[in-house]
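Pasted below: target.cif, mmCIF, C-alpha atoms.
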data_structure
#
loop_
_atom_site.label_atom_id
_atom_site.label_comp_id
_atom_site.auth_asym_id
_atom_site.auth_seq_id
_atom_site.Cartn_x
_atom_site.Cartn_y
_atom_site.Cartn_z
CA MET A 1 147.10 103.95 -170.90
CA PRO A 2 149.39 106.29 -172.85
CA ASN A 3 151.74 105.04 -175.50
CA ILE A 4 154.87 107.07 -176.19
CA SER A 5 154.06 107.22 -179.91
CA ASP A 6 150.68 108.84 -179.17
CA ILE A 7 152.18 111.70 -177.16
CA LYS A 8 152.95 114.92 -179.00
CA VAL A 9 154.95 118.03 -178.10
CA GLY A 10 152.43 120.70 -177.15
CA GLN A 11 149.95 118.20 -175.70
CA VAL A 12 148.41 119.50 -172.47
CA LEU A 13 147.40 117.46 -169.43
CA ARG A 14 144.92 119.23 -167.19
CA SER A 15 143.15 118.70 -163.87
CA GLU A 16 140.93 120.89 -161.77
CA PHE A 17 140.12 120.72 -158.05
CA ASP A 18 137.54 122.94 -156.36
CA GLN A 19 137.08 121.31 -152.96
CA ILE A 20 139.77 122.98 -150.82
CA THR A 21 138.13 123.23 -147.41
CA ARG A 22 139.37 123.68 -143.85
CA GLU A 23 138.35 120.08 -143.16
CA LEU A 24 140.51 118.81 -146.01
CA LEU A 25 143.50 120.86 -144.82
CA GLN A 26 143.02 119.35 -141.34
CA LYS A 27 142.95 115.85 -142.83
CA TYR A 28 146.04 116.61 -144.87
CA ALA A 29 147.84 118.02 -141.81
CA LYS A 30 147.07 114.86 -139.85
CA SER A 31 148.06 112.40 -142.55
CA SER A 32 151.13 114.31 -143.76
CA GLY A 33 152.48 115.25 -140.34
CA ASP A 34 152.75 118.92 -141.38
CA THR A 35 150.91 120.28 -138.38
CA ASN A 36 151.97 123.93 -138.59
CA PRO A 37 148.82 125.67 -137.29
CA ILE A 38 148.93 128.42 -139.95
CA HIS A 39 147.33 125.76 -142.16
CA THR A 40 144.54 124.78 -139.80
CA ASN A 41 143.88 127.56 -137.28
CA ASP A 42 142.59 130.92 -138.53
CA ALA A 43 143.46 132.79 -135.32
CA ILE A 44 147.09 131.68 -135.46
CA ALA A 45 147.29 132.35 -139.21
CA GLU A 46 145.91 135.86 -138.61
CA ARG A 47 148.52 136.50 -135.90
CA ALA A 48 151.15 135.52 -138.47
CA GLY A 49 149.75 138.21 -140.78
CA LEU A 50 148.08 135.79 -143.19
CA LYS A 51 144.42 136.91 -142.77
CA GLY A 52 143.37 133.26 -142.54
CA VAL A 53 144.64 129.73 -143.05
CA ILE A 54 146.72 128.91 -146.11
CA ALA A 55 147.09 125.49 -147.71
CA HIS A 56 150.35 123.63 -147.15
CA GLY A 57 152.71 124.33 -150.06
CA LEU A 58 153.13 120.64 -150.62
CA PHE A 59 149.37 120.03 -150.41
CA SER A 60 148.81 121.70 -153.75
CA SER A 61 151.91 120.09 -155.26
CA GLY A 62 150.28 116.75 -154.46
CA PHE A 63 147.72 117.49 -157.17
CA ILE A 64 150.51 117.91 -159.72
CA ILE A 65 151.91 114.51 -158.75
CA LYS A 66 148.42 112.98 -158.89
CA MET A 67 147.75 114.39 -162.36
CA LEU A 68 151.03 112.99 -163.70
CA ASP A 69 150.56 109.64 -161.97
CA ASP A 70 146.98 109.35 -163.28
CA PHE A 71 148.27 110.02 -166.78
CA VAL A 72 151.10 107.50 -166.57
CA GLY A 73 148.92 104.82 -164.96
CA LYS A 74 150.44 101.38 -165.31
CA SER A 75 152.42 102.43 -168.39
CA GLY A 76 155.38 104.02 -166.65
CA LYS A 77 156.48 106.13 -163.73
CA LEU A 78 157.34 109.59 -162.53
CA ILE A 79 161.01 110.44 -162.69
CA GLU A 80 161.20 114.03 -161.53
CA LEU A 81 159.12 116.98 -160.39
CA ASP A 82 160.64 120.40 -159.71
CA ILE A 83 158.36 123.26 -158.65
CA GLU A 84 158.53 126.74 -157.20
CA MET A 85 155.91 127.74 -154.67
CA ARG A 86 155.07 131.32 -155.61
CA GLY A 87 151.53 131.98 -154.47
CA MET A 88 149.57 130.98 -151.40
CA VAL A 89 146.65 128.65 -151.98
CA ARG A 90 143.53 129.29 -149.91
CA VAL A 91 140.30 127.66 -148.87
CA GLY A 92 137.77 128.24 -151.65
CA ASP A 93 140.39 128.48 -154.40
CA ILE A 94 139.99 126.48 -157.57
CA LEU A 95 143.26 124.74 -158.33
CA ILE A 96 144.02 124.23 -162.02
CA THR A 97 147.00 122.04 -162.83
CA GLU A 98 148.42 121.86 -166.33
CA GLY A 99 151.35 120.00 -167.81
CA THR A 100 152.49 120.84 -171.34
CA VAL A 101 154.70 118.38 -173.17
CA THR A 102 157.86 120.22 -174.26
CA LYS A 103 160.16 117.39 -175.34
CA ILE A 104 160.10 113.65 -175.93
CA GLU A 105 163.38 111.74 -175.80
CA SER A 106 163.40 107.99 -176.13
CA ASN A 107 160.69 106.92 -173.67
CA ARG A 108 160.93 110.06 -171.54
CA VAL A 109 158.42 112.88 -171.68
CA TYR A 110 159.37 116.35 -170.43
CA LEU A 111 156.66 118.72 -169.30
CA ASP A 112 156.32 122.34 -168.24
CA ILE A 113 154.08 122.50 -165.19
CA LYS A 114 151.79 125.37 -164.28
CA GLN A 115 149.46 125.35 -161.32
CA THR A 116 147.05 128.27 -161.26
CA THR A 117 144.60 129.39 -158.59
CA ILE A 118 141.27 130.98 -159.33
CA THR A 119 140.16 132.89 -156.24
CA PRO A 120 136.53 134.03 -156.35
CA VAL A 121 136.04 137.37 -154.57
CA GLU A 122 132.43 138.51 -155.07
CA ILE A 123 129.46 138.54 -157.43
CA LYS A 124 127.77 141.84 -158.25
CA LYS A 125 124.41 142.41 -159.91
CA ASP A 126 123.21 145.89 -160.85
CA GLY A 127 126.09 147.38 -158.88
CA ASN A 128 125.21 145.53 -155.67
CA VAL A 129 127.23 142.71 -154.12
CA VAL A 130 124.94 139.66 -154.11
CA LYS A 131 127.53 137.15 -152.96
CA LYS A 132 130.83 137.53 -151.15
CA PHE A 133 133.36 134.70 -151.07
CA GLU A 134 135.99 134.07 -148.40
CA ALA A 135 138.60 136.09 -150.29
CA GLY A 136 136.23 139.07 -150.28
CA GLU A 137 135.27 138.63 -146.63
CA ARG A 138 138.84 138.25 -145.38
CA GLY A 139 140.56 140.63 -147.74
CA TYR A 140 142.91 138.23 -149.47
CA ILE A 141 143.26 140.46 -152.54
CA SER A 142 146.22 142.82 -152.25
CA GLU A 143 147.20 146.07 -153.94
CA LYS A 144 149.98 144.08 -155.57
CA ASP A 145 147.40 141.73 -157.16
CA ILE A 146 145.59 144.74 -158.61
CA ALA A 147 148.81 146.35 -159.84
CA ARG A 148 149.80 143.08 -161.54
CA ASN A 149 146.41 142.90 -163.34
CA LEU A 150 145.51 139.62 -161.70
CA ILE A 151 141.94 140.70 -160.95
CA LYS A 152 139.42 139.75 -163.59
CA THR A 153 135.67 139.59 -164.09
CA LYS A 154 133.33 137.30 -165.95
CA GLU A 155 129.60 136.91 -166.31
CA VAL A 156 128.00 134.04 -164.37
CA ASP A 157 124.34 133.11 -163.75
CA GLU A 158 124.07 135.30 -160.62
CA GLY A 159 125.80 138.39 -162.07
CA THR A 160 129.39 139.54 -162.58
CA LEU A 161 132.02 137.47 -160.79
CA THR A 162 135.22 139.19 -159.70
CA TYR A 163 138.11 136.79 -159.21
CA ARG A 164 141.89 136.64 -159.04
CA GLU A 165 143.84 134.37 -161.37
CA ARG A 166 147.49 133.76 -160.63
CA VAL A 167 150.18 131.16 -161.09
CA ALA A 168 150.81 129.50 -157.75
CA ALA A 169 153.40 126.94 -158.78
CA PRO A 170 155.36 126.78 -162.02
CA GLY A 171 157.81 123.98 -162.65
CA HIS A 172 159.00 121.04 -164.72
CA ALA A 173 158.43 117.30 -164.68
CA ILE A 174 159.77 114.18 -166.35
CA ILE A 175 157.81 110.98 -166.78
CA GLU A 176 159.02 107.72 -168.26
CA LEU A 177 156.80 105.34 -170.20
CA ASN A 178 157.45 101.64 -170.56
CA LYS A 179 159.08 100.62 -173.85
CA MET B 180 166.82 144.13 -136.66
CA ASP B 181 168.79 146.85 -138.49
CA LYS B 182 170.15 146.57 -142.04
CA GLU B 183 173.74 146.13 -140.89
CA GLN B 184 172.82 143.18 -138.66
CA ILE B 185 170.74 141.57 -141.43
CA LYS B 186 173.71 141.89 -143.80
CA LYS B 187 176.10 140.46 -141.21
CA ASN B 188 173.79 137.52 -140.50
CA ALA B 189 173.37 136.82 -144.22
CA GLU B 190 177.15 136.81 -144.72
CA PHE B 191 177.54 134.42 -141.78
CA LEU B 192 174.96 131.95 -143.12
CA ILE B 193 176.26 132.15 -146.70
CA LYS B 194 179.71 131.23 -145.37
CA GLU B 195 178.67 128.55 -142.87
CA LEU B 196 175.81 126.60 -144.43
CA PRO B 197 176.78 125.47 -147.94
CA SER B 198 177.59 121.73 -148.00
CA MET B 199 177.08 121.47 -144.21
CA GLU B 200 175.74 118.03 -143.32
CA ILE B 201 172.86 118.15 -140.88
CA PRO B 202 173.76 115.84 -138.01
CA GLY B 203 171.70 112.74 -137.32
CA VAL B 204 169.07 110.90 -139.32
CA ALA B 205 165.29 111.11 -139.39
CA LYS B 206 163.36 107.86 -139.24
CA VAL B 207 159.84 107.77 -140.61
CA ARG B 208 157.70 104.65 -140.09
CA CYS B 209 155.21 104.18 -142.93
CA LYS B 210 151.90 102.94 -141.57
CA TYR B 211 149.21 101.51 -143.82
CA LYS B 212 146.46 103.81 -142.47
CA LYS B 213 148.54 106.98 -142.86
CA MET B 214 149.46 106.02 -146.42
CA VAL B 215 145.83 105.41 -147.36
CA ASP B 216 144.49 108.50 -145.55
CA PHE B 217 147.14 110.57 -147.30
CA ALA B 218 146.21 109.26 -150.75
CA LYS B 219 142.52 109.91 -150.07
CA CYS B 220 143.23 113.62 -149.43
CA PHE B 221 143.87 113.87 -153.18
CA GLY B 222 140.86 111.82 -154.18
CA ILE B 223 143.05 108.90 -155.22
CA THR B 224 141.00 105.77 -155.90
CA ASP B 225 143.64 103.47 -157.42
CA LYS B 226 143.62 100.22 -155.43
CA LYS B 227 147.39 99.94 -155.59
CA TYR B 228 147.49 103.00 -153.30
CA ILE B 229 144.33 102.59 -151.20
CA GLY B 230 143.52 98.87 -151.43
CA SER B 231 143.25 96.55 -148.44
CA GLU B 232 146.20 95.83 -146.20
CA GLU B 233 145.93 92.11 -147.01
CA GLU B 234 146.15 92.66 -150.77
CA GLY B 235 149.10 94.97 -150.27
CA ILE B 236 149.58 98.54 -151.37
CA ILE B 237 152.40 100.91 -152.16
CA ALA B 238 152.55 104.59 -151.24
CA CYS B 239 151.26 107.02 -153.86
CA PRO B 240 154.13 109.15 -155.23
CA ALA B 241 152.73 112.27 -153.51
CA PHE B 242 153.42 110.54 -150.17
CA ALA B 243 156.91 111.99 -150.62
CA ASN B 244 155.34 115.22 -149.34
CA SER B 245 154.68 113.53 -146.04
CA TYR B 246 158.03 111.92 -145.30
CA ALA B 247 159.91 114.97 -146.60
CA VAL B 248 158.18 117.24 -144.12
CA LYS B 249 158.61 114.81 -141.22
CA ALA B 250 162.29 114.40 -142.03
CA PHE B 251 162.91 118.14 -142.22
CA TYR B 252 160.99 118.77 -138.98
CA THR B 253 163.21 116.18 -137.31
CA LEU B 254 166.53 117.20 -138.85
CA VAL B 255 166.49 121.00 -139.10
CA PRO B 256 166.36 121.64 -135.32
CA GLY B 257 169.63 119.70 -135.19
CA VAL B 258 171.42 122.46 -137.07
CA LYS B 259 173.74 124.01 -134.49
CA LEU B 260 175.22 127.37 -135.38
CA GLU B 261 177.44 129.72 -133.43
CA GLN B 262 177.81 133.29 -134.59
CA ASP B 263 180.28 135.56 -132.78
CA GLY B 264 180.39 133.11 -129.88
CA VAL B 265 176.59 133.03 -129.49
CA LYS B 266 174.52 129.94 -130.29
CA ARG B 267 171.74 130.62 -132.76
CA ASP B 268 169.08 128.84 -134.80
CA LEU B 269 168.91 128.97 -138.57
CA ALA B 270 165.61 130.91 -138.54
CA LEU B 271 165.36 133.47 -135.74
CA VAL B 272 161.70 134.24 -136.51
CA PRO B 273 160.03 131.01 -137.67
CA THR B 274 157.02 132.84 -139.18
CA LYS B 275 159.42 134.48 -141.66
CA LEU B 276 160.49 131.07 -142.96
CA LEU B 277 158.78 130.00 -146.20
CA HIS B 278 158.91 126.86 -148.26
CA ALA B 279 159.94 128.22 -151.65
CA SER B 280 160.56 125.20 -153.87
CA GLN B 281 160.62 121.42 -153.93
CA LYS B 282 162.23 118.96 -156.28
CA TYR B 283 161.66 115.21 -156.21
CA ASN B 284 163.75 112.70 -158.08
CA TRP B 285 162.54 109.08 -158.19
CA GLU B 286 165.11 107.79 -160.68
CA ASN B 287 166.02 104.17 -159.79
CA CYS B 288 163.96 104.39 -156.62
CA PHE B 289 162.01 101.67 -154.84
CA PRO B 290 158.32 101.90 -153.93
CA ILE B 291 157.28 102.29 -150.31
CA LYS B 292 155.26 99.57 -148.62
CA PRO B 293 153.41 99.64 -145.28
CA GLY B 294 155.79 98.85 -142.47
CA ASP B 295 158.80 100.35 -144.22
CA VAL B 296 161.03 102.52 -142.10
CA LEU B 297 162.47 105.39 -144.09
CA ILE B 298 165.80 106.82 -143.09
CA ALA B 299 166.59 110.34 -144.25
CA LYS B 300 169.83 112.30 -144.19
CA ALA B 301 170.14 115.95 -145.15
CA LYS B 302 172.73 118.51 -146.06
CA PHE B 303 172.69 122.10 -147.20
CA GLY B 304 173.35 123.11 -150.79
CA LYS B 305 173.60 126.62 -152.14
CA VAL B 306 172.77 129.58 -149.90
CA TRP B 307 172.31 133.07 -151.30
CA VAL B 308 170.61 136.35 -150.61
CA HIS B 309 168.43 138.46 -152.88
CA GLU B 310 170.21 141.80 -152.56
CA GLU B 311 167.15 144.02 -152.99
CA SER B 312 164.82 142.31 -150.52
CA MET B 313 167.61 140.73 -148.43
CA ARG B 314 165.57 137.51 -148.51
CA LEU B 315 167.85 134.55 -147.82
CA PHE B 316 167.45 131.37 -149.86
CA ALA B 317 168.84 128.00 -148.84
CA GLN B 318 168.82 124.66 -150.62
CA MET B 319 168.61 121.46 -148.61
CA PHE B 320 169.24 118.01 -150.06
CA LEU B 321 167.48 115.06 -148.52
CA THR B 322 168.34 111.47 -149.36
CA VAL B 323 165.70 108.98 -148.32
CA LYS B 324 166.31 105.23 -148.17
CA ASN B 325 164.30 102.36 -146.76
CA GLN B 326 165.35 99.89 -144.05
CA ASN B 327 167.10 97.77 -146.71
CA ASP B 328 169.28 100.70 -147.76
CA GLU B 329 167.32 101.02 -151.03
CA LEU B 330 166.84 104.53 -152.39
CA VAL B 331 163.27 105.79 -152.11
CA CYS B 332 163.57 109.41 -153.21
CA GLN B 333 166.02 112.28 -153.50
CA ILE B 334 164.60 115.63 -152.54
CA THR B 335 165.85 119.18 -152.90
CA ALA B 336 163.90 121.66 -150.82
CA GLY B 337 164.26 125.41 -151.10
CA ALA B 338 163.66 127.57 -148.05
CA ALA B 339 163.32 131.34 -148.06
CA ILE B 340 163.71 133.48 -144.95
CA ALA B 341 162.57 137.08 -145.11
CA ALA B 342 164.86 139.88 -143.93
CA GLY B 343 164.90 140.02 -140.16
CA GLY B 344 164.01 136.35 -139.87
CA TYR B 345 167.60 135.08 -139.92
#

Written as structure tokens, how would this file's structure read?
Amino acid sequence: MPNISDIKVGQVLRSEFDQITRELLQKYAKSSGDTNPIHTNDAIAERAGLKGVIAHGLFSSGFIIKMLDDFVGKSGKLIELDIEMRGMVRVGDILITEGTVTKIESNRVYLDIKQTTITPVEIKKDGNVVKKFEAGERGYISEKDIARNLIKTKEVDEGTLTYRERVAAPGHAIIELNK
Amino acid sequence: MDKEQIKKNAEFLIKELPSMEIPGVAKVRCKYKKMVDFAKCFGITDKKYIGSEEEGIIACPAFANSYAVKAFYTLVPGVKLEQDGVKRDLALVPTKLLHASQKYNWENCFPIKPGDVLIAKAKFGKVWVHEESMRLFAQMFLTVKNQNDELVCQITAGAAIAAGGY
């Protein structure tokens, strides 16, 4: 359990989630009551111009709350979370949530929040596509993503992975630890 | 919808909405199973959120996502607007409505237990338009209390409606 004296400005909390599936979005829709079909029905999402289902905006924010709550544990509580929802989160995305401590005042800890999505597109070996992910199949990558230099590559076991990395939700949070 | 009409509609909403109280209240009953199923979506294993009903649990903080959405779905259709003598909805094309931001404040708030009935009231805050894209932004404040009139959460939601959608 964290102690206020052990926390330092610049400290980073981090969590990663790579299990965003259609089944999970359906479960979330049912338990949250957010049953807008653009989150669960590809045909309806396509008719809305989305090329496929998108995660609920608040679904991904739930992982920010979980990360902060896991950190605080029994030693305190969440006071505030303020986020912007800038980028759609999709099935197959890897969701990386980070909170950087920016200020400590009394027993309150202030954090900058950044939630990033890694969207795998395809893997190429010797110039040939050996694996195509959902983003590649459905065309989730836009000209705007390319223009903004969000498309990157890295070497993986099967070849060269092309992926998009973008900030989906920046924001701020305040947690309070027990004195 | 032409540019002149979009501009006219934006001016109407910027004048009418700020500080407008949304009529009525939304009631959200918090059931044990829903609270646990919700927590499990995020892989939460803490017994205080997913333990047995007999031992007693409280809602995980992320559960705010659930009652916020239910409250807005209940309250927003109650917004009655009349522009130039014609009744209209806030969003004319619902698919152009996006959830742009969310702020939760739990300061001095009480935890939620199974069986609690949450009562939410909402009002509009600032409303503005991004001149270049003519995207309209609206803030909505939601105050959520339990059946004992104890504060559970204060929420500020930001909605964005693309040009032609309002």

Name every residue that the PyMOL selection byres ((chain B) within 7 of (chain A)) selects in this structure, writing the answer as a PyMOL selection string with chains first and numbers rising. chain B and resi 213+216-217+220-221+240-241+244-245+248-249+274+278-286

Could you write out the selected residues, including C-alpha atoms, as a compact mmCIF listing (two decimals), in the coordinates of the input?
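Output file out-v5.txt follows:
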# COMPACT_ATOMS: atom_id res chain seq x y z
CA LYS B 213 148.54 106.98 -142.86
CA ASP B 216 144.49 108.50 -145.55
CA PHE B 217 147.14 110.57 -147.30
CA CYS B 220 143.23 113.62 -149.43
CA PHE B 221 143.87 113.87 -153.18
CA PRO B 240 154.13 109.15 -155.23
CA ALA B 241 152.73 112.27 -153.51
CA ASN B 244 155.34 115.22 -149.34
CA SER B 245 154.68 113.53 -146.04
CA VAL B 248 158.18 117.24 -144.12
CA LYS B 249 158.61 114.81 -141.22
CA THR B 274 157.02 132.84 -139.18
CA HIS B 278 158.91 126.86 -148.26
CA ALA B 279 159.94 128.22 -151.65
CA SER B 280 160.56 125.20 -153.87
CA GLN B 281 160.62 121.42 -153.93
CA LYS B 282 162.23 118.96 -156.28
CA TYR B 283 161.66 115.21 -156.21
CA ASN B 284 163.75 112.70 -158.08
CA TRP B 285 162.54 109.08 -158.19
CA GLU B 286 165.11 107.79 -160.68

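Atom to atom, CA of Ile94 in chain A and CA of Thr117 in chain A stand 5.5 Å apart.
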
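Computed from the coordinates, the CA of Leu330 in chain B to CA of Val296 in chain B distance equals 12.0 Å.
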
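Around the point (166.8, 123.4, -149.4), within 6 Å and counting all atoms listed in the file, we find these residues: Ala317, Gln318, Met319, Phe320, Thr335, Ala336, Gly337 and Ala338 of chain B.
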
Apply the PyMOL selection byres ((chain A and resi 75) around 10) to the file shown and report the selected residues as an MDAnalysis selection string. chainID A and resid 1:4 69 71:74 76:77 176:179

Residues within 7 Å of (144.1, 128.5, -146.0), file coordinates, counting all atoms listed in the file: what are they? Give the list as a PyMOL selection string. chain A and resi 39+52-55+89-91

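Rounded to one decimal, CA of Tyr163 in chain A and CA of Val121 in chain A lie 5.1 Å from each other.
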
Closest of B:Cys209, B:Ala299, B:Met199, B:Val215 to Asp328 in chain B, counting only C-alpha atoms, is B:Ala299

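Nearest to Asp112 in chain A of all the residues A:Leu50, A:Gly99, A:Glu143, A:Ile44 is A:Gly99, counting all atoms listed in the file.
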
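Residues within 10 Å of Val258 in chain B, counting all atoms listed in the file and excluding same-chain residues fewer than 2 positions away, are Leu196, Met199, Glu200, Ile201, Pro202, Gly203, Leu254, Val255, Pro256, Leu260, Arg267, Asp268, Leu269 and Lys302 of chain B.
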
Run the PyMOL selection byres ((chain A and resi 7-15) around 6) mentally over the shown coordinates, then write out the matched residues as a PyMOL selection string, using the chain letters and numbers from the document. chain A and resi 4-6+16+96-103

For each of A:Ser106, A:Thr162, A:Thr116, A:Thr153, take the minimum atom-to-atom distance to Lys132 in chain A, counting only C-alpha atoms, then give the residue where this is smallest. A:Thr162

Taking 4 positions as the minimum chain separation for residues in the same chain, which residues sit within 12 Å of Asp157 in chain A when counting only C-alpha atoms? Answer as a PyMOL selection string. chain A and resi 123-125+130-131+161
